[in-house]
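One file, structure.csv, carrying CSV, C-alpha atoms:
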chain,number,residue,atom,x,y,z
A,164,MET,CA,52.9,116.9,46.9
A,165,LYS,CA,56.7,116.8,46.8
A,166,ALA,CA,58.5,118.9,44.2
A,167,MET,CA,61.9,120.2,43.3
A,168,VAL,CA,62.0,124.0,43.1
A,169,ILE,CA,64.2,127.0,42.8
A,170,GLU,CA,63.6,130.0,45.0
A,171,LYS,CA,65.7,132.5,43.1
A,172,TYR,CA,67.3,132.9,39.7
A,173,GLY,CA,71.0,132.0,39.2
A,174,LYS,CA,73.1,128.9,39.5
A,175,THR,CA,71.1,127.8,42.6
A,176,PRO,CA,70.6,124.2,43.6
A,177,LEU,CA,67.2,122.5,43.4
A,178,LEU,CA,65.4,122.4,46.8
A,179,SER,CA,62.8,119.8,47.9
A,180,ALA,CA,59.5,121.4,48.8
A,181,ASP,CA,56.0,120.3,50.0
A,182,LEU,CA,53.4,122.1,47.8
A,183,PRO,CA,49.7,122.0,47.4
A,184,MET,CA,48.3,119.6,44.8
A,185,PRO,CA,47.6,121.2,41.4
A,186,GLN,CA,44.1,122.3,40.6
A,187,ILE,CA,42.8,121.3,37.2
A,188,GLY,CA,40.7,123.4,34.7
A,189,GLU,CA,37.9,122.0,32.7
A,190,GLN,CA,40.2,121.0,29.8
A,191,ASP,CA,43.0,119.8,32.0
A,192,VAL,CA,44.0,116.4,33.3
A,193,LEU,CA,45.8,115.7,36.6
A,194,ALA,CA,48.7,113.3,36.0
A,195,GLU,CA,50.7,111.3,38.5
A,196,ILE,CA,54.3,111.8,37.1
A,197,HIS,CA,56.4,108.7,36.8
A,198,ALA,CA,59.4,110.1,35.1
A,199,ALA,CA,60.8,113.4,33.8
A,200,SER,CA,63.8,114.3,31.7
A,201,ILE,CA,66.5,117.0,32.1
A,202,ASN,CA,66.8,119.5,29.3
A,203,PRO,CA,69.1,122.5,28.6
A,204,ILE,CA,66.0,124.8,28.9
A,205,ASP,CA,65.9,123.9,32.6
A,206,PHE,CA,69.3,125.5,33.1
A,207,LYS,CA,68.3,128.6,31.0
A,208,ILE,CA,65.1,129.1,33.1
A,209,ARG,CA,67.0,128.5,36.4
A,210,ASP,CA,69.7,131.0,35.4
A,211,GLY,CA,67.1,133.7,34.4
A,212,LYS,CA,68.3,133.7,30.7
A,213,LEU,CA,64.7,133.5,29.4
A,214,ARG,CA,63.1,136.2,31.5
A,215,MET,CA,62.6,138.3,28.4
A,216,LEU,CA,60.3,135.6,26.9
A,217,LEU,CA,59.0,133.8,30.0
A,218,LYS,CA,57.7,135.2,33.3
A,219,TYR,CA,57.4,132.9,36.3
A,220,GLU,CA,56.6,133.4,40.0
A,221,LEU,CA,59.1,132.0,42.5
A,222,PRO,CA,59.4,129.5,44.0
A,223,LEU,CA,59.3,127.7,40.7
A,224,ILE,CA,59.0,124.0,39.9
A,225,LEU,CA,61.4,123.2,37.1
A,226,GLY,CA,60.9,120.4,34.5
A,227,ASN,CA,59.6,120.6,30.9
A,228,ASP,CA,58.5,117.1,29.9
A,229,PHE,CA,57.2,113.9,31.6
A,230,SER,CA,55.4,110.6,31.4
A,231,GLY,CA,52.8,109.4,33.9
A,232,VAL,CA,49.2,108.3,34.5
A,233,ILE,CA,46.0,110.3,34.5
A,234,ILE,CA,44.3,110.3,37.9
A,235,GLN,CA,41.6,113.0,37.2
A,236,VAL,CA,40.1,114.7,34.2
A,237,GLY,CA,38.4,118.0,33.8
A,238,ASP,CA,34.7,118.3,32.9
A,239,LYS,CA,35.3,119.1,29.2
A,240,VAL,CA,38.2,116.7,28.5
A,241,LYS,CA,37.3,114.6,25.5
A,242,LYS,CA,40.5,112.7,24.5
A,243,PHE,CA,41.6,111.0,27.7
A,244,LYS,CA,40.3,109.2,30.8
A,245,ARG,CA,41.5,108.2,34.2
A,246,GLY,CA,44.1,105.5,34.0
A,247,ASP,CA,45.5,106.5,30.6
A,248,GLU,CA,49.3,106.3,30.4
A,249,ILE,CA,50.5,109.6,28.8
A,250,TYR,CA,53.5,111.6,28.0
A,251,GLY,CA,53.9,115.3,27.1
A,252,ARG,CA,55.4,118.7,27.2
A,253,PRO,CA,53.3,121.2,29.2
A,254,ARG,CA,52.9,124.7,27.7
A,255,LYS,CA,55.6,127.1,28.8
A,256,SER,CA,53.3,129.0,31.3
A,257,ARG,CA,52.6,125.7,33.1
A,258,ILE,CA,55.9,123.9,33.4
A,259,GLY,CA,56.8,121.9,36.6
A,260,THR,CA,57.5,118.2,35.9
A,261,PHE,CA,60.0,117.8,38.7
A,262,ALA,CA,57.1,117.0,40.9
A,263,GLU,CA,54.8,114.1,41.9
A,264,TYR,CA,51.8,115.6,40.1
A,265,ILE,CA,51.0,118.1,37.3
A,266,ALA,CA,47.9,119.6,35.8
A,267,VAL,CA,48.3,119.8,32.1
A,268,HIS,CA,46.0,120.8,29.2
A,269,GLU,CA,44.7,117.9,27.2
A,270,ASP,CA,46.1,119.4,23.9
A,271,ASP,CA,49.6,119.1,25.3
A,272,ILE,CA,49.7,115.4,25.8
A,273,ALA,CA,49.4,112.1,24.0
A,274,LEU,CA,49.1,108.4,24.9
A,275,LYS,CA,52.4,107.0,25.8
A,276,PRO,CA,54.0,104.7,23.2
A,277,ARG,CA,53.0,101.2,24.1
A,278,ASN,CA,56.4,99.8,23.6
A,279,LEU,CA,58.2,102.3,25.9
A,280,SER,CA,58.7,102.3,29.6
A,281,PHE,CA,57.8,105.4,31.5
A,282,GLU,CA,61.5,106.4,31.7
A,283,GLU,CA,61.9,105.9,27.9
A,284,ALA,CA,58.8,107.8,27.2
A,285,ALA,CA,59.8,110.7,29.4
A,286,SER,CA,63.0,111.2,27.3
A,287,ILE,CA,61.0,112.0,24.1
A,288,PRO,CA,58.5,115.0,24.3
A,289,LEU,CA,60.7,118.0,24.4
A,290,VAL,CA,63.5,116.8,22.1
A,291,GLY,CA,61.0,115.0,19.8
A,292,LEU,CA,58.7,118.1,19.4
A,293,THR,CA,61.7,120.4,19.0
A,294,SER,CA,63.3,118.2,16.3
A,295,TYR,CA,60.0,117.6,14.5
A,296,GLN,CA,59.3,121.3,14.3
A,297,ALA,CA,62.8,122.1,13.2
A,298,LEU,CA,63.0,119.5,10.4
A,299,HIS,CA,59.3,119.5,9.3
A,300,ASP,CA,57.8,122.9,10.1
A,301,ILE,CA,60.7,125.3,9.6
A,302,LEU,CA,63.4,123.6,7.4
A,303,GLN,CA,60.6,121.7,5.5
A,304,LEU,CA,63.1,119.2,4.3
A,305,SER,CA,62.2,116.3,2.0
A,306,ALA,CA,63.7,112.9,1.1
A,307,GLY,CA,67.1,113.2,-0.5
A,308,GLN,CA,68.0,116.6,0.9
A,309,LYS,CA,71.0,117.1,3.2
A,310,VAL,CA,71.0,118.4,6.8
A,311,LEU,CA,73.7,119.0,9.4
A,312,ILE,CA,72.6,118.2,12.9
A,313,GLN,CA,75.0,119.6,15.5
A,314,ALA,CA,76.0,117.7,18.6
A,315,GLY,CA,74.6,114.4,17.4
A,316,ALA,CA,75.4,112.4,20.5
A,317,GLY,CA,73.4,114.8,22.8
A,318,GLY,CA,69.8,114.5,24.0
A,319,VAL,CA,68.4,116.4,21.0
A,320,GLY,CA,70.9,115.1,18.4
A,321,THR,CA,70.2,111.4,19.1
A,322,PHE,CA,66.5,111.9,18.4
A,323,ALA,CA,67.0,114.3,15.5
A,324,ILE,CA,69.3,112.0,13.6
A,325,GLN,CA,66.8,109.2,13.7
A,326,LEU,CA,63.9,111.4,12.7
A,327,ALA,CA,65.9,112.8,9.8
A,328,LYS,CA,66.8,109.4,8.6
A,329,ALA,CA,63.1,108.3,8.9
A,330,MET,CA,62.4,111.3,6.6
A,331,GLY,CA,64.8,110.0,4.0
A,332,LEU,CA,67.4,112.8,4.6
A,333,TYR,CA,71.2,112.6,4.2
A,334,VAL,CA,72.5,113.4,7.7
A,335,ALA,CA,75.9,114.9,8.7
A,336,THR,CA,76.6,115.5,12.4
A,337,THR,CA,79.3,116.6,14.7
A,338,ALA,CA,80.5,114.4,17.6
A,339,SER,CA,83.6,113.6,19.6
A,340,GLU,CA,85.5,110.4,19.0
A,341,ALA,CA,83.7,108.9,22.0
A,342,GLY,CA,80.3,109.7,20.4
A,343,ALA,CA,81.1,108.7,16.8
A,344,GLU,CA,80.0,105.1,17.0
A,345,LEU,CA,76.7,106.0,18.7
A,346,VAL,CA,75.7,108.5,16.0
A,347,LYS,CA,76.7,106.1,13.3
A,348,SER,CA,74.5,103.5,14.9
A,349,LEU,CA,71.6,105.9,14.7
A,350,GLY,CA,72.1,106.4,11.0
A,351,ALA,CA,74.4,109.4,10.5
A,352,ASP,CA,75.9,109.3,7.0
A,353,GLN,CA,78.8,111.6,7.8
A,354,VAL,CA,80.4,112.3,11.2
A,355,ILE,CA,82.6,115.3,11.8
A,356,ASN,CA,85.0,115.0,14.8
A,357,TYR,CA,84.6,118.5,16.1
A,358,LYS,CA,87.9,118.2,18.1
A,359,THR,CA,90.0,117.6,15.0
A,360,GLU,CA,87.9,118.9,12.1
A,361,GLN,CA,86.1,122.2,11.2
A,362,PHE,CA,82.7,121.3,9.9
A,363,ASP,CA,82.5,124.4,7.8
A,364,GLN,CA,85.6,123.4,5.9
A,365,VAL,CA,84.3,119.9,5.2
A,366,LEU,CA,80.6,120.3,4.3
A,367,HIS,CA,79.2,122.3,1.4
A,368,ASN,CA,75.9,122.9,-0.3
A,369,TYR,CA,73.6,121.7,2.5
A,370,ASP,CA,69.9,122.3,2.4
A,371,GLY,CA,69.6,123.0,6.1
A,372,VAL,CA,71.4,123.1,9.5
A,373,TYR,CA,69.8,122.3,12.8
A,374,ASP,CA,71.9,124.1,15.4
A,375,THR,CA,71.9,123.2,19.1
A,376,ILE,CA,75.0,125.1,20.1
A,377,GLY,CA,74.8,128.7,19.1
A,378,GLY,CA,77.7,131.3,19.2
A,379,GLU,CA,80.5,130.9,16.7
A,380,THR,CA,79.3,127.4,15.7
A,381,LEU,CA,76.0,128.9,14.6
A,382,GLU,CA,77.7,131.7,12.6
A,383,LYS,CA,79.9,129.1,10.8
A,384,ALA,CA,76.8,127.2,9.8
A,385,PHE,CA,75.8,129.8,7.2
A,386,ARG,CA,78.9,128.9,5.2
A,387,ILE,CA,77.8,125.4,4.4
A,388,VAL,CA,74.2,126.1,3.3
A,389,ARG,CA,73.2,126.6,-0.3
A,390,PRO,CA,71.6,129.9,-1.4
A,391,GLY,CA,67.9,129.6,-0.5
A,392,GLY,CA,68.6,127.1,2.3
A,393,GLN,CA,67.9,127.6,6.0
A,394,VAL,CA,69.5,127.6,9.4
A,395,VAL,CA,67.4,126.9,12.5
A,396,SER,CA,68.7,127.2,16.0
A,397,VAL,CA,67.4,126.4,19.5
A,398,SER,CA,70.5,127.9,21.1
A,399,GLY,CA,71.2,131.1,19.1
A,400,LEU,CA,69.6,134.5,19.8
A,401,PRO,CA,66.0,135.2,18.8
A,402,ASN,CA,65.9,137.7,15.9
A,403,ALA,CA,63.4,140.5,15.1
A,404,ARG,CA,61.4,138.1,12.9
A,405,PHE,CA,60.8,135.9,16.0
A,406,GLY,CA,60.0,139.0,18.1
A,407,LYS,CA,57.2,139.9,15.7
A,408,GLU,CA,55.8,136.4,15.4
A,409,TYR,CA,55.9,135.9,19.2
A,410,GLY,CA,54.3,139.3,19.8
A,411,LEU,CA,57.1,140.7,22.0
A,412,GLY,CA,56.2,144.3,21.2
A,413,PHE,CA,58.1,147.2,19.6
A,414,LEU,CA,60.9,147.7,22.1
A,415,LYS,CA,61.8,144.1,22.7
A,416,THR,CA,61.6,143.3,18.9
A,417,ASN,CA,63.9,146.2,18.1
A,418,LEU,CA,66.3,145.0,20.9
A,419,LEU,CA,66.4,141.6,19.2
A,420,ARG,CA,67.1,143.3,15.9
A,421,LEU,CA,70.0,145.1,17.4
A,422,VAL,CA,71.7,142.1,19.1
A,423,THR,CA,71.3,139.8,16.0
A,424,ARG,CA,72.7,142.3,13.5
A,425,LYS,CA,75.6,139.9,12.7
A,426,LEU,CA,73.2,137.0,12.0
A,427,THR,CA,71.1,139.3,9.7
A,428,ARG,CA,74.3,140.2,7.8
A,429,LEU,CA,75.1,136.5,7.4
A,430,GLU,CA,71.6,135.8,6.1
A,431,ARG,CA,72.0,138.5,3.4
A,432,GLN,CA,75.6,137.5,2.6
A,433,HIS,CA,74.9,133.8,2.1
A,434,LYS,CA,71.2,134.2,0.9
A,435,VAL,CA,70.2,131.9,3.8
A,436,LYS,CA,67.2,132.3,6.1
A,437,TYR,CA,67.8,132.1,9.9
A,438,SER,CA,65.1,131.1,12.3
A,439,PHE,CA,65.1,130.8,16.1
A,440,LEU,CA,63.0,127.9,17.3
A,441,PHE,CA,61.0,128.3,20.5
A,442,MET,CA,59.2,124.9,20.5
A,443,LYS,CA,55.4,124.8,20.9
A,444,PRO,CA,53.7,122.0,22.8
A,445,SER,CA,51.5,119.8,20.6
A,446,GLY,CA,49.7,116.7,21.5
A,447,ARG,CA,48.9,116.2,17.8
A,448,GLN,CA,52.6,116.2,16.8
A,449,LEU,CA,53.3,113.9,19.7
A,450,GLU,CA,50.8,111.4,18.3
A,451,LEU,CA,52.9,111.5,15.0
A,452,ILE,CA,56.1,110.9,17.0
A,453,THR,CA,54.4,108.0,18.8
A,454,GLU,CA,54.0,106.3,15.4
A,455,TYR,CA,57.7,106.6,14.8
A,456,MET,CA,58.4,105.1,18.3
A,457,GLU,CA,55.9,102.2,18.0
A,458,SER,CA,57.1,101.3,14.5
A,459,GLY,CA,60.7,101.1,15.8
A,460,ALA,CA,61.9,103.8,13.4
A,461,ILE,CA,63.1,105.8,16.3
A,462,GLN,CA,64.6,104.4,19.5
A,463,PRO,CA,65.0,106.3,22.8
A,464,VAL,CA,68.6,106.9,23.8
A,465,ILE,CA,69.1,107.2,27.5
A,466,ASP,CA,72.4,107.9,29.2
A,467,ARG,CA,71.4,107.6,32.8
A,468,VAL,CA,68.4,107.3,35.1
A,469,PHE,CA,68.6,109.2,38.4
A,470,PRO,CA,66.4,108.5,41.4
A,471,TRP,CA,64.1,111.3,42.6
A,472,ALA,CA,66.4,112.1,45.6
A,473,GLU,CA,69.3,112.8,43.3
A,474,ALA,CA,67.6,115.5,41.1
A,475,GLN,CA,70.4,118.0,41.8
A,476,LYS,CA,73.0,115.4,40.7
A,477,ALA,CA,71.0,114.8,37.6
A,478,MET,CA,71.0,118.5,36.8
A,479,GLU,CA,74.8,118.8,37.4
A,480,TYR,CA,75.5,115.7,35.2
A,481,SER,CA,73.4,117.1,32.4
A,482,GLU,CA,75.0,120.5,32.6
A,483,SER,CA,78.5,118.9,32.4
A,484,GLY,CA,77.8,118.1,28.7
A,485,ARG,CA,79.2,114.5,29.1
A,486,ALA,CA,75.9,112.7,28.6
A,487,LYS,CA,75.3,110.6,25.5
A,488,GLY,CA,71.5,110.8,25.0
A,489,LYS,CA,68.9,111.8,27.6
A,490,ILE,CA,69.1,112.0,31.4
A,491,ILE,CA,66.0,110.9,33.2
A,492,LEU,CA,64.6,111.6,36.7
A,493,LYS,CA,62.6,108.6,38.0
A,494,ILE,CA,59.9,110.0,40.2
A,495,LYS,CA,57.7,106.9,40.8
Here is the file; what I need is its structure written in the form of structure tokens.
Amino acid sequence: MKAMVIEKYGKTPLLSADLPMPQIGEQDVLAEIHAASINPIDFKIRDGKLRMLLKYELPLILGNDFSGVIIQVGDKVKKFKRGDEIYGRPRKSRIGTFAEYIAVHEDDIALKPRNLSFEEAASIPLVGLTSYQALHDILQLSAGQKVLIQAGAGGVGTFAIQLAKAMGLYVATTASEAGAELVKSLGADQVINYKTEQFDQVLHNYDGVYDTIGGETLEKAFRIVRPGGQVVSVSGLPNARFGKEYGLGFLKTNLLRLVTRKLTRLERQHKVKYSFLFMKPSGRQLELITEYMESGAIQPVIDRVFPWAEAQKAMEYSESGRAKGKIILKIK
């Protein structure tokens, strides 16, 4: 099969490669991939920034979510059959959706929403699961509560705003002037122009913050959250609490404790809990997300679809930060 790979870590271009077809286990399906999406985690993996958490052999096929059609099922697969149209986020040890085929565990996929094209469906799994786990599982927000979603016009933000509104939340978000109309159309109640306003000087007494930026932006988030509220980030540093939960061992957990001392101080100072989110694949949660998609409560937001031959251009465009919504790689 054809695949797009990296042969070394660093800001290296994707290379086209001919590789053997994946072999499936007894609870796996073999899927012919029709489309995949580009996500920031692809750059982090490529650059070697996640080597403390994830170990891969090189050359490595990048790509973390997809849509496609099942062409083979393992002997113990119960939920799916050949010909099923599916979408999913493979578990982190088995990534590789920038390819013509992938072997994926049946627990990591769901039937594709019937009202979506393959390109639209491929835009959903990673951002959908990440947002669902941030808002439902970690922040545990309920109707009427207030949440700030950073970078509302981005791939994660465009989904998260719609999910938050479907949950009955009051949503503030940050966006440029160019992205303001988009996030308003998705339901954002308050839009902060990050080029002319400081969100931490405008917003107060929020129940939660969903951070997708990290750095100083993450640190400022603690100032707007009420005592007892929470900040969850997919771009900040993992803390010692995460290290223990993820089973990283004594040395790595203590290293995380050291490098996140400032975040721990902010937790104590503001009486706010900080969590780092490393999303877990879940076909069951994808089924819940499918209900939102098929009911029309959430619409996919796609900036651009690139052909397979332009995978590197797609990566570069995504990395530029100019996209409004998701960037899709059309494989079939």
Problem set entry | Distance query Phe281 (chain A) at most 7 Å, only C-alpha atoms, self and fewer than 4 positions along chain excluded, as a list in words | His197, Ala198, Ser230, Gly231 and Ala285 of chain A
For this session: List the neighbours of region 344-358 of chain A out to 8 Å using only C-alpha atoms; skip same-chain residues closer than 5 positions along the sequence, and give me the result as an MDAnalysis selection string.
Result: chainID A and resid 315:316 321 324:325 328 333:339
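Excluding Lys244 (chain A) itself and same-chain residues fewer than 3 positions from it, the residues having an atom within 9 Å of it are Val192, Ile233, Ile234, Gln235, Val236, Val240, Lys241 and Asp247 of chain A, counting only C-alpha atoms.
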For this session: Within 7 Å of region 467-473 of chain A, counting all atoms listed in the file, which residues show up once you throw out same-chain ones fewer than 6 positions away? Write them as a list in words, please.
Result: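 These residues fall inside the cut-off: Ile490, Ile491, Leu492, Lys493 and Ile494 of chain A.
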Problem set entry | Residues near His367 (chain A), cut-off 9 Å, only C-alpha atoms, skip fewer than 2 positions along chain, as JSON, numbers by chain | {"A": [363, 364, 365, 369, 386, 387, 388, 389]}
Find the nearest atom pair between each residue of region 249-331 of chain A and region 477-482 of chain A for residues within 12 Å, count all atoms listed in the file, give distances in Å to one decimal, sort rows by chain and ascending number, and present the table as CSV.
residue,atom,partner,partner_atom,distance
A:Phe261,CA,A:Met478,CA,11.2
A:Gly317,CA,A:Ser481,CA,9.9
A:Gly318,CA,A:Ser481,CA,9.5
Exercise. From the set A:Ala384, A:Ala297, A:Leu400, A:Leu418, which residue has the shortest atom-to-atom contact distance to Val435 (chain A), counting all atoms listed in the file?
Worked result: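 Closest to Val435 (chain A), using all atoms listed in the file: A:Ala384.
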Exercise. Between A:Leu414, A:Glu189, A:Lys407, A:Ala327, which has the minimum distance to Val267 (chain A) (counting only C-alpha atoms)?
Worked result: A:Glu189
Problem set entry | One-decimal distance in Å that lies between CA of Leu298 (chain A) and CA of Ser445 (chain A) | 15.4 Å
For this session: Go ahead and find all residues with at least one atom no further than 9 Å from (64.1, 117.0, 15.4) in the file's coordinates, using only C-alpha atoms; report them as a list in words.
Result: Val290, Gly291, Leu292, Thr293, Ser294, Tyr295, Gln296, Ala297, Leu298, His299, Ile312, Val319, Gly320, Phe322, Ala323, Ile324, Gln325, Leu326, Ala327 and Tyr373 of chain A
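Here CA of Glu454 (chain A) stands at a distance of 23.4 Å from CA of Ile201 (chain A).
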Seminar exercise, completed: One decimal place gives the CA of Lys239 (chain A)-CA of Gln190 (chain A) separation as 5.3 Å
For this session: Identify which of the residues A:Asn202, A:Ser280, A:Gln462, A:Gln303 lies closest to Gly226 (chain A), counting only C-alpha atoms when measuring atom-to-atom distances.
Result: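 Closest to Gly226 (chain A), using only C-alpha atoms: A:Asn202.
Considering only C-alpha atoms, the residue among A:Arg245, A:Val168, A:Phe206, A:Gly211 positioned nearest to Ala194 (chain A) is A:Arg245.
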Exercise. So, counting only C-alpha atoms, which residue among A:Ala403, A:Leu289, A:Ile196, A:Leu451 is closest to Val422 (chain A)?
Worked result: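 Once distances to Val422 (chain A) are computed over only C-alpha atoms, the minimum belongs to A:Ala403.
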Exercise. Of the candidates A:Asn227, A:Asn402, A:Thr416, A:Ser286, which shows the shortest atom-to-atom distance to Val464 (chain A), using all atoms listed in the file?
Worked result: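 Among the listed residues, the smallest separation from Val464 (chain A) belongs to A:Ser286.
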